[in-house]
Every structure is written in structure tokens, then in C-alpha cells.
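Note sheet for the following structure.
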Amino acid sequence: MTKKIKPLKTVARAGGKPAAKTRFLHLHSTFDAGGKELRAVRLINAFGLDIAHSIVSAEPQSMAAAAHISKAVSVDYPDNFPSLAGFPTLGRLKRLAEAMRGYDLVLTYNWGAMDAVMAHTLYSQAFRLPPLIHHEDGFNSEEALKLKKRRNWYRQIALGRTAALIVPSQGLAKIAHDVWHQPASRIHRIANGIATGTYGKKPKADVLPGLIKRSGEHWVGTIAGLRAVKDLTLLVRAFSDLPEYWQLVILGEGPERAAIEAQAAALRIEHRVHLPGFVANPANAIGLFDIFALSSKSEQFPISVVEAMAAGLPIAAPAVGDIAAMVAPENARYIVEAGNEAALSDALASLASNPQQALKIGEANRVKARESFDEERMIARYRALYMAAAGGKPLR
């Protein structure tokens, strides 16, 4: 049985005055502590007491991002919400639609929540459902190199009654318009932002568990889920020819850990490749890196690149998604062809052998991050879009 939820509650504020509480329903493909999930958490925390949130994950066991939500925020995790995963029969879609009743706004995220988007499109008028805004941040390994025709067709239909489609990158905006045939008025590109000012301090050498940056060491670092789409074994190979005093530090967790360790062992550099695990607050650690690197097969607008820029790091990465446009012009030559191991290796070697040039590039990246990617701008745009939709106003 679907839990009934009242659309508005009142809560006591200082002085005893009641305040209306708007209810947002978040339907995630996963709620692990990845980029899109932690962005959603930052928005939830920024919105404060005026909004109550219900959060559902298509992978119920993947809820690590919940630990980062402020205790001052009203949030719940309905355990009787219909599963977001399964074959999209009309009966299942109807149950999903019924469960959306009583909220003021439904927010869906990525392919794993697309059945809920379809349910909303099919039954929104019959059930008088609240508006729905869909977020698309990129693709998993199944679509990293080529989109699936059947999924494109499904997205095109499912997105037909959404109030808005939010994407972080120019590439995704183009796909939404040209491939999913969404009208330009529905597509809103909002660049990912972070609290850039928190990345300026130099971390302590021992901030990472089980790992200390020693005098004379230099680190190539990355922040990434240890998944196949991140192609971290390629990064290990591209790194391997750097001098012995260079270390590779990969912050993250995931199923590819064993493959990364095996690749390092095969190259006999396992003593220089370190996987300390997931770091909840990258601002506390990323400043230990001397070079930031990515090797992903697919990205759109990676928050880790913005974090590295805010920390004043030069970046070596493949030209996927918006990365080439994100970095400062001084960094452009180190954004290389995707999947080109030799080119990434050369970019790392060039930055490693020219430390003064690397510092200048890092400072240019820091300036651009603060000017273009601070989270205040991002939060303001999301707030305006969400509240306009929840209030029934036209979206701009």
C-alpha cells in the first residue's frame, strides 16, 4: 500500500510562528556518495527548513549520500515506495504514479529513475500529479561510448510532460535536443558548482587514512568511483613511466579496485599506486596532489575537475564531455584525445617535468573556478527553477 503524504506541513520556527513546508520527492538511480548525489545533498542543505524531502533510490542498498544531509533538514526515506527498477508494465507504472501524489515537486535523476518519469507522463493528468523535473548527468558503462536506440526512444516519450530537464554540460544539452527531441524551452543547463573558497588551504600530510605524503614526493591524484567507465587501469599505465618519486593516489571506492591493483602489480609499481578509499570531503585532501588526472571513457561536467581547479591544480585528462571548455586556456594542451594512453602519458610527463609551468596553470584554473563555478550561482539557479515549478509558475 502506498503511503499517503500530505502536501504541506507546518513546523514551529523561532518565535513560535508556523512556516509552510513544501514537500519534494527525490527519485534517484542510486544515492551513493557520487557527484550528482552530493550535489543534491548540497542543494537540500542549502534550501534549509522551508522544504521537506523524501528520498528513494533505485538501488535501496546504495544510500551513502544520506550521511551528508544536515540534521537540521526534514528528510525521510519511504520504505514502501514502489521499486524504481523492473519491467515497465502499465500496472507497475500506475503504482509509481500513485506514489507521487501529495508532493509539491518530483525530482528524478538519470536513467535509473526513467520509469518514474514515464509513469508521470502517462498518469500526471489523471492523478493530478505535481510537476516533475528530471536531471540527466551522464551515462554508465552501458552507454559510455554509444547511446542505446531503445533507451533514446524511451527517454523521448517519457520526458514528454516534464516541467524541465536539467543537464550540467553542453554535450548533454545537445543530446537532449537532437537525440531525445526535447524542446529548447524545456532544457536547462546548470553548470555544477562547489564552495570554491574551501579549497585554498594546504592539507596536512597525513590527512588520508594509512597514507602520508613524504618530503620529496610528488603526487598525481584523481577522485573517481572505481568503475569500468573511469578506465583507471589506463591511468595506472599512463602514470607508470614517471620517475620513482612520483606517486599515484586514487580516491574512491568501487568494483574495479582489484583490477587497478592487478595492473599496478603487473607493472611492478604497486608500491607507488595508492587507493586510500572514499574521501567524504575532497577539500580536505585534494590539495596534496601536484597534478590532477582523469582517464574516463565518458564524463559530462565532472565535479572532480572543478574541485581540482579550485585547489589550484593543473589537469591532465581526456577531452570528454565539457572538460576542454571547463579548464583555463593555459591548461588546454593537456586535455587529450579520449582513450589515447600515450597522449595522457605525455601530458603527465610534461606537467611533471615543468613544475613552474604546472603552478602557473594551476593558478589560472583556480581563478576560473572561482569566477565561473562557485556553488552560490548554481544553488540560486536550482532554487529559482524548483520553486517556480512547485508554485506552478512558468519556467524560464
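Labels used: A, B, ... for chains in the order of the C-alpha cells, numbers from 1 for residues in each chain, and numbers from 1 for ligands as shown.
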Near Ala332 (chain A), within 12 Å and counting only C-alpha atoms, which residues show up once chain neighbours fewer than 3 positions away are dropped, as a list of chain:residue names?
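Contacts, with the query itself left out: A:Pro314, A:Ile315, A:Ala316, A:Ala317, A:Pro318, A:Ala319, A:Asp322, A:Ile323, A:Ala324, A:Ala325, A:Met326, A:Val327, A:Ala328, A:Pro329, A:Ile335, A:Val336, A:Glu337, A:Ala347, A:Ile361, A:Gly362, A:Ala364, A:Asn365.
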Taking the DSSP secondary structure from the backbone, can you list the residues of region 17-100 of chain A that are helix (DSSP H, G or I), as a PyMOL selection string?
chain A and resi 35-50+64-68+90-99
Mind checking which residues fall within 12 Å of Leu93 (chain A), counting only C-alpha atoms, ignoring those fewer than 5 positions away in the same chain, and posting them as a ChimeraX atom specification?
/A:82-88,98-100,113-124,158
Write a file of the selected residues as an mmCIF file, in the first residue's frame, keeping C-alpha atoms.
```
data_model
loop_
_atom_site.group_PDB
_atom_site.id
_atom_site.type_symbol
_atom_site.label_atom_id
_atom_site.label_comp_id
_atom_site.auth_asym_id
_atom_site.auth_seq_id
_atom_site.Cartn_x
_atom_site.Cartn_y
_atom_site.Cartn_z
ATOM 1 C CA PRO A 82 7.266 1.110 -5.318
ATOM 2 C CA SER A 83 10.560 -0.098 -6.763
ATOM 3 C CA LEU A 84 12.071 2.174 -9.399
ATOM 4 C CA ALA A 85 13.575 -0.897 -11.105
ATOM 5 C CA GLY A 86 11.694 -3.530 -13.084
ATOM 6 C CA PHE A 87 9.869 -4.125 -16.353
ATOM 7 C CA PRO A 88 7.702 -1.084 -17.198
ATOM 8 C CA GLU A 98 0.064 6.894 -7.427
ATOM 9 C CA ALA A 99 3.024 7.103 -5.039
ATOM 10 C CA MET A 100 3.886 10.581 -6.361
ATOM 11 C CA ALA A 113 14.604 6.745 -12.467
ATOM 12 C CA MET A 114 13.281 6.922 -16.033
ATOM 13 C CA ASP A 115 10.362 4.548 -15.365
ATOM 14 C CA ALA A 116 9.102 7.053 -12.788
ATOM 15 C CA VAL A 117 9.362 9.781 -15.429
ATOM 16 C CA MET A 118 7.335 7.628 -17.828
ATOM 17 C CA ALA A 119 4.763 6.937 -15.117
ATOM 18 C CA HIS A 120 4.395 10.648 -14.504
ATOM 19 C CA THR A 121 3.923 11.399 -18.208
ATOM 20 C CA LEU A 122 1.264 8.696 -18.584
ATOM 21 C CA TYR A 123 -0.749 9.479 -15.445
ATOM 22 C CA SER A 124 0.013 13.087 -14.469
ATOM 23 C CA ALA A 158 8.990 9.655 -21.002
#
```
Among the residues A:Arg272, A:Lys94, A:Lys297, A:His28, the one that comes closest to Glu136 (chain A) [using only C-alpha atoms]:
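For Glu136 (chain A), the nearest of the candidates is A:His28.
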With only C-alpha atoms counted and 12 Å as the cut-off, give the residues of region 271-367 of chain A in contact with region 212-227 of chain A, each with its shortest interatomic distance in Å and the pair that gives it, as JSON lines.
```
{"residue": "A:Arg272", "atom": "CA", "partner": "A:Trp219", "partner_atom": "CA", "distance": 9.5}
{"residue": "A:Val273", "atom": "CA", "partner": "A:Val220", "partner_atom": "CA", "distance": 9.7}
{"residue": "A:His274", "atom": "CA", "partner": "A:Gly221", "partner_atom": "CA", "distance": 9.5}
{"residue": "A:Leu275", "atom": "CA", "partner": "A:Leu226", "partner_atom": "CA", "distance": 9.8}
{"residue": "A:Pro276", "atom": "CA", "partner": "A:Ile212", "partner_atom": "CA", "distance": 10.6}
{"residue": "A:Gly277", "atom": "CA", "partner": "A:Leu226", "partner_atom": "CA", "distance": 9.5}
{"residue": "A:Phe278", "atom": "CA", "partner": "A:Gly225", "partner_atom": "CA", "distance": 8.3}
{"residue": "A:Val279", "atom": "CA", "partner": "A:Ile223", "partner_atom": "CA", "distance": 8.6}
{"residue": "A:Ala280", "atom": "CA", "partner": "A:Ile223", "partner_atom": "CA", "distance": 10.9}
{"residue": "A:Asn281", "atom": "CA", "partner": "A:Ile223", "partner_atom": "CA", "distance": 11.0}
{"residue": "A:Pro282", "atom": "CA", "partner": "A:Ile223", "partner_atom": "CA", "distance": 8.2}
{"residue": "A:Ala283", "atom": "CA", "partner": "A:Ile223", "partner_atom": "CA", "distance": 11.3}
{"residue": "A:Ala285", "atom": "CA", "partner": "A:Gly221", "partner_atom": "CA", "distance": 10.0}
{"residue": "A:Ile286", "atom": "CA", "partner": "A:Gly221", "partner_atom": "CA", "distance": 7.7}
{"residue": "A:Gly287", "atom": "CA", "partner": "A:Gly221", "partner_atom": "CA", "distance": 9.7}
{"residue": "A:Leu288", "atom": "CA", "partner": "A:Trp219", "partner_atom": "CA", "distance": 7.2}
{"residue": "A:Phe289", "atom": "CA", "partner": "A:Trp219", "partner_atom": "CA", "distance": 5.0}
{"residue": "A:Asp290", "atom": "CA", "partner": "A:Trp219", "partner_atom": "CA", "distance": 5.3}
{"residue": "A:Ile291", "atom": "CA", "partner": "A:Val220", "partner_atom": "CA", "distance": 4.8}
{"residue": "A:Phe292", "atom": "CA", "partner": "A:Gly221", "partner_atom": "CA", "distance": 5.0}
{"residue": "A:Ala293", "atom": "CA", "partner": "A:Thr222", "partner_atom": "CA", "distance": 5.4}
{"residue": "A:Leu294", "atom": "CA", "partner": "A:Thr222", "partner_atom": "CA", "distance": 6.3}
{"residue": "A:Ser295", "atom": "CA", "partner": "A:Thr222", "partner_atom": "CA", "distance": 9.2}
{"residue": "A:Ser296", "atom": "CA", "partner": "A:Ala224", "partner_atom": "CA", "distance": 9.1}
{"residue": "A:Lys297", "atom": "CA", "partner": "A:Arg227", "partner_atom": "CA", "distance": 10.6}
{"residue": "A:Ser298", "atom": "CA", "partner": "A:Arg227", "partner_atom": "CA", "distance": 11.4}
{"residue": "A:Glu299", "atom": "CA", "partner": "A:Ala224", "partner_atom": "CA", "distance": 11.0}
{"residue": "A:Pro302", "atom": "CA", "partner": "A:Ala224", "partner_atom": "CA", "distance": 9.6}
{"residue": "A:Ile303", "atom": "CA", "partner": "A:Ile223", "partner_atom": "CA", "distance": 9.5}
{"residue": "A:Ser304", "atom": "CA", "partner": "A:Ile223", "partner_atom": "CA", "distance": 6.2}
{"residue": "A:Val305", "atom": "CA", "partner": "A:Ile223", "partner_atom": "CA", "distance": 8.8}
{"residue": "A:Val306", "atom": "CA", "partner": "A:Ile223", "partner_atom": "CA", "distance": 11.3}
{"residue": "A:Glu307", "atom": "CA", "partner": "A:Ile223", "partner_atom": "CA", "distance": 9.4}
{"residue": "A:Ala308", "atom": "CA", "partner": "A:Thr222", "partner_atom": "CA", "distance": 8.8}
{"residue": "A:Leu313", "atom": "CA", "partner": "A:Gly221", "partner_atom": "CA", "distance": 10.1}
{"residue": "A:Pro314", "atom": "CA", "partner": "A:Val220", "partner_atom": "CA", "distance": 10.1}
{"residue": "A:Ile315", "atom": "CA", "partner": "A:Val220", "partner_atom": "CA", "distance": 9.6}
{"residue": "A:Ala316", "atom": "CA", "partner": "A:Val220", "partner_atom": "CA", "distance": 9.6}
{"residue": "A:Ala317", "atom": "CA", "partner": "A:Thr222", "partner_atom": "CA", "distance": 10.2}
{"residue": "A:Ser345", "atom": "CA", "partner": "A:Val220", "partner_atom": "CA", "distance": 11.6}
{"residue": "A:Ala347", "atom": "CA", "partner": "A:Val220", "partner_atom": "CA", "distance": 11.7}
{"residue": "A:Leu348", "atom": "CA", "partner": "A:Val220", "partner_atom": "CA", "distance": 8.3}
{"residue": "A:Ala349", "atom": "CA", "partner": "A:Val220", "partner_atom": "CA", "distance": 10.6}
{"residue": "A:Leu351", "atom": "CA", "partner": "A:Val220", "partner_atom": "CA", "distance": 10.2}
{"residue": "A:Ala352", "atom": "CA", "partner": "A:His218", "partner_atom": "CA", "distance": 8.6}
{"residue": "A:Ser353", "atom": "CA", "partner": "A:His218", "partner_atom": "CA", "distance": 11.2}
{"residue": "A:Pro355", "atom": "CA", "partner": "A:His218", "partner_atom": "CA", "distance": 10.4}
```
Take the residues that were just selected and, keeping N, CA and C atoms, output them as a CSV table (one decimal), in the first residue's frame.
```
chain,number,residue,atom,x,y,z
A,272,ARG,N,53.9,2.4,-5.6
A,272,ARG,CA,53.7,3.8,-5.9
A,272,ARG,C,52.2,4.1,-6.3
A,273,VAL,N,51.3,3.1,-6.2
A,273,VAL,CA,49.9,3.3,-6.5
A,273,VAL,C,49.1,3.1,-5.2
A,274,HIS,N,48.4,4.1,-4.8
A,274,HIS,CA,47.7,4.0,-3.5
A,274,HIS,C,46.2,4.2,-3.7
A,275,LEU,N,45.4,3.4,-3.0
A,275,LEU,CA,43.9,3.6,-3.0
A,275,LEU,C,43.4,3.7,-1.6
A,276,PRO,N,43.4,4.9,-1.0
A,276,PRO,CA,43.0,5.1,0.4
A,276,PRO,C,41.5,4.9,0.6
A,277,GLY,N,40.7,4.9,-0.5
A,277,GLY,CA,39.3,4.8,-0.3
A,277,GLY,C,38.6,6.1,-0.5
A,278,PHE,N,37.3,6.1,-0.2
A,278,PHE,CA,36.4,7.2,-0.4
A,278,PHE,C,36.8,8.3,0.6
A,279,VAL,N,36.8,9.6,0.1
A,279,VAL,CA,37.0,10.7,1.0
A,279,VAL,C,35.8,11.6,1.0
A,280,ALA,N,35.1,11.8,2.1
A,280,ALA,CA,33.8,12.5,2.2
A,280,ALA,C,34.0,13.9,1.8
A,281,ASN,N,35.1,14.6,2.2
A,281,ASN,CA,35.2,16.0,1.9
A,281,ASN,C,36.5,16.2,1.1
A,282,PRO,N,36.4,16.2,-0.2
A,282,PRO,CA,37.7,16.3,-1.1
A,282,PRO,C,38.5,17.6,-0.8
A,283,ALA,N,37.8,18.6,-0.3
A,283,ALA,CA,38.6,19.9,0.0
A,283,ALA,C,39.7,19.6,1.1
A,285,ALA,N,41.6,17.0,1.2
A,285,ALA,CA,42.7,16.2,0.7
A,285,ALA,C,43.3,16.5,-0.7
A,286,ILE,N,42.5,17.1,-1.5
A,286,ILE,CA,42.9,17.3,-2.9
A,286,ILE,C,44.1,18.2,-3.1
A,287,GLY,N,44.3,19.1,-2.1
A,287,GLY,CA,45.5,20.0,-2.2
A,287,GLY,C,46.8,19.3,-2.0
A,288,LEU,N,46.8,18.0,-1.6
A,288,LEU,CA,48.0,17.2,-1.5
A,288,LEU,C,48.5,16.8,-2.9
A,289,PHE,N,47.6,16.8,-3.9
A,289,PHE,CA,48.0,16.5,-5.3
A,289,PHE,C,48.9,17.6,-5.9
A,290,ASP,N,49.8,17.2,-6.8
A,290,ASP,CA,50.6,18.1,-7.6
A,290,ASP,C,50.0,18.2,-9.0
A,291,ILE,N,49.4,17.1,-9.5
A,291,ILE,CA,48.7,17.1,-10.8
A,291,ILE,C,47.4,16.3,-10.6
A,292,PHE,N,46.4,16.8,-11.1
A,292,PHE,CA,45.1,16.0,-11.1
A,292,PHE,C,44.9,15.4,-12.5
A,293,ALA,N,44.5,14.1,-12.5
A,293,ALA,CA,44.4,13.4,-13.7
A,293,ALA,C,43.0,12.6,-13.8
A,294,LEU,N,42.5,12.5,-15.0
A,294,LEU,CA,41.3,11.7,-15.3
A,294,LEU,C,41.7,10.8,-16.4
A,295,SER,N,41.0,9.7,-16.5
A,295,SER,CA,41.2,8.7,-17.7
A,295,SER,C,39.8,8.2,-18.2
A,296,SER,N,38.7,8.9,-17.8
A,296,SER,CA,37.4,8.3,-18.1
A,296,SER,C,37.1,8.2,-19.6
A,297,LYS,N,36.3,7.1,-19.8
A,297,LYS,CA,35.8,6.9,-21.2
A,297,LYS,C,34.6,7.9,-21.5
A,298,SER,N,33.9,8.3,-20.4
A,298,SER,CA,32.8,9.2,-20.5
A,298,SER,C,32.6,10.0,-19.3
A,299,GLU,N,32.5,11.3,-19.5
A,299,GLU,CA,32.1,12.3,-18.5
A,299,GLU,C,31.2,13.4,-19.1
A,302,PRO,N,32.4,16.9,-14.9
A,302,PRO,CA,32.8,16.3,-13.7
A,302,PRO,C,33.1,17.3,-12.6
A,303,ILE,N,32.5,17.1,-11.4
A,303,ILE,CA,32.7,18.0,-10.3
A,303,ILE,C,34.2,17.8,-9.8
A,304,SER,N,34.8,16.7,-10.0
A,304,SER,CA,36.2,16.5,-9.5
A,304,SER,C,37.1,17.4,-10.2
A,305,VAL,N,36.8,17.7,-11.5
A,305,VAL,CA,37.7,18.7,-12.2
A,305,VAL,C,37.5,20.1,-11.7
A,306,VAL,N,36.3,20.5,-11.3
A,306,VAL,CA,36.1,21.8,-10.7
A,306,VAL,C,36.8,21.8,-9.3
A,307,GLU,N,36.8,20.7,-8.6
A,307,GLU,CA,37.4,20.7,-7.3
A,307,GLU,C,38.9,20.9,-7.5
A,308,ALA,N,39.5,20.2,-8.5
A,308,ALA,CA,40.9,20.3,-8.7
A,308,ALA,C,41.3,21.7,-9.2
A,313,LEU,N,45.2,23.2,-9.2
A,313,LEU,CA,46.0,22.1,-9.8
A,313,LEU,C,45.9,22.2,-11.3
A,314,PRO,N,47.0,21.8,-12.0
A,314,PRO,CA,47.0,21.5,-13.4
A,314,PRO,C,46.3,20.2,-13.6
A,315,ILE,N,45.7,20.0,-14.8
A,315,ILE,CA,44.8,18.9,-15.1
A,315,ILE,C,45.3,18.2,-16.4
A,316,ALA,N,45.5,16.9,-16.3
A,316,ALA,CA,45.7,16.1,-17.5
A,316,ALA,C,44.5,15.1,-17.6
A,317,ALA,N,43.8,15.2,-18.7
A,317,ALA,CA,42.5,14.5,-18.8
A,317,ALA,C,42.1,14.3,-20.3
A,345,SER,N,49.9,9.9,-21.1
A,345,SER,CA,51.2,9.7,-20.5
A,345,SER,C,52.1,10.9,-20.8
A,347,ALA,N,51.1,14.0,-21.5
A,347,ALA,CA,50.6,15.2,-20.7
A,347,ALA,C,51.1,15.1,-19.3
A,348,LEU,N,51.1,14.0,-18.7
A,348,LEU,CA,51.5,13.8,-17.3
A,348,LEU,C,53.0,14.1,-17.2
A,349,ALA,N,53.8,13.5,-18.2
A,349,ALA,CA,55.2,13.7,-18.2
A,349,ALA,C,55.6,15.2,-18.3
A,351,LEU,N,53.8,17.9,-17.6
A,351,LEU,CA,53.5,18.7,-16.4
A,351,LEU,C,54.5,18.3,-15.2
A,352,ALA,N,54.8,17.0,-15.1
A,352,ALA,CA,55.7,16.6,-14.1
A,352,ALA,C,57.1,17.2,-14.2
A,353,SER,N,57.6,17.4,-15.5
A,353,SER,CA,58.9,17.9,-15.7
A,353,SER,C,59.0,19.4,-15.8
A,355,PRO,N,57.6,22.0,-13.3
A,355,PRO,CA,56.8,22.4,-12.1
A,355,PRO,C,56.4,23.8,-12.1
```
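Distance annotation: of A:Val106, A:Ala310, A:Met378, A:Leu232, the residue with the minimal separation from Asn192 (chain A) is A:Met378; atom set is only C-alpha atoms.
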DSSP on the backbone, then: every residue of region 255-383 of chain A marked strand (DSSP E), written as a ChimeraX atom specification.
/A:273-277,291-293,315-318,335-336
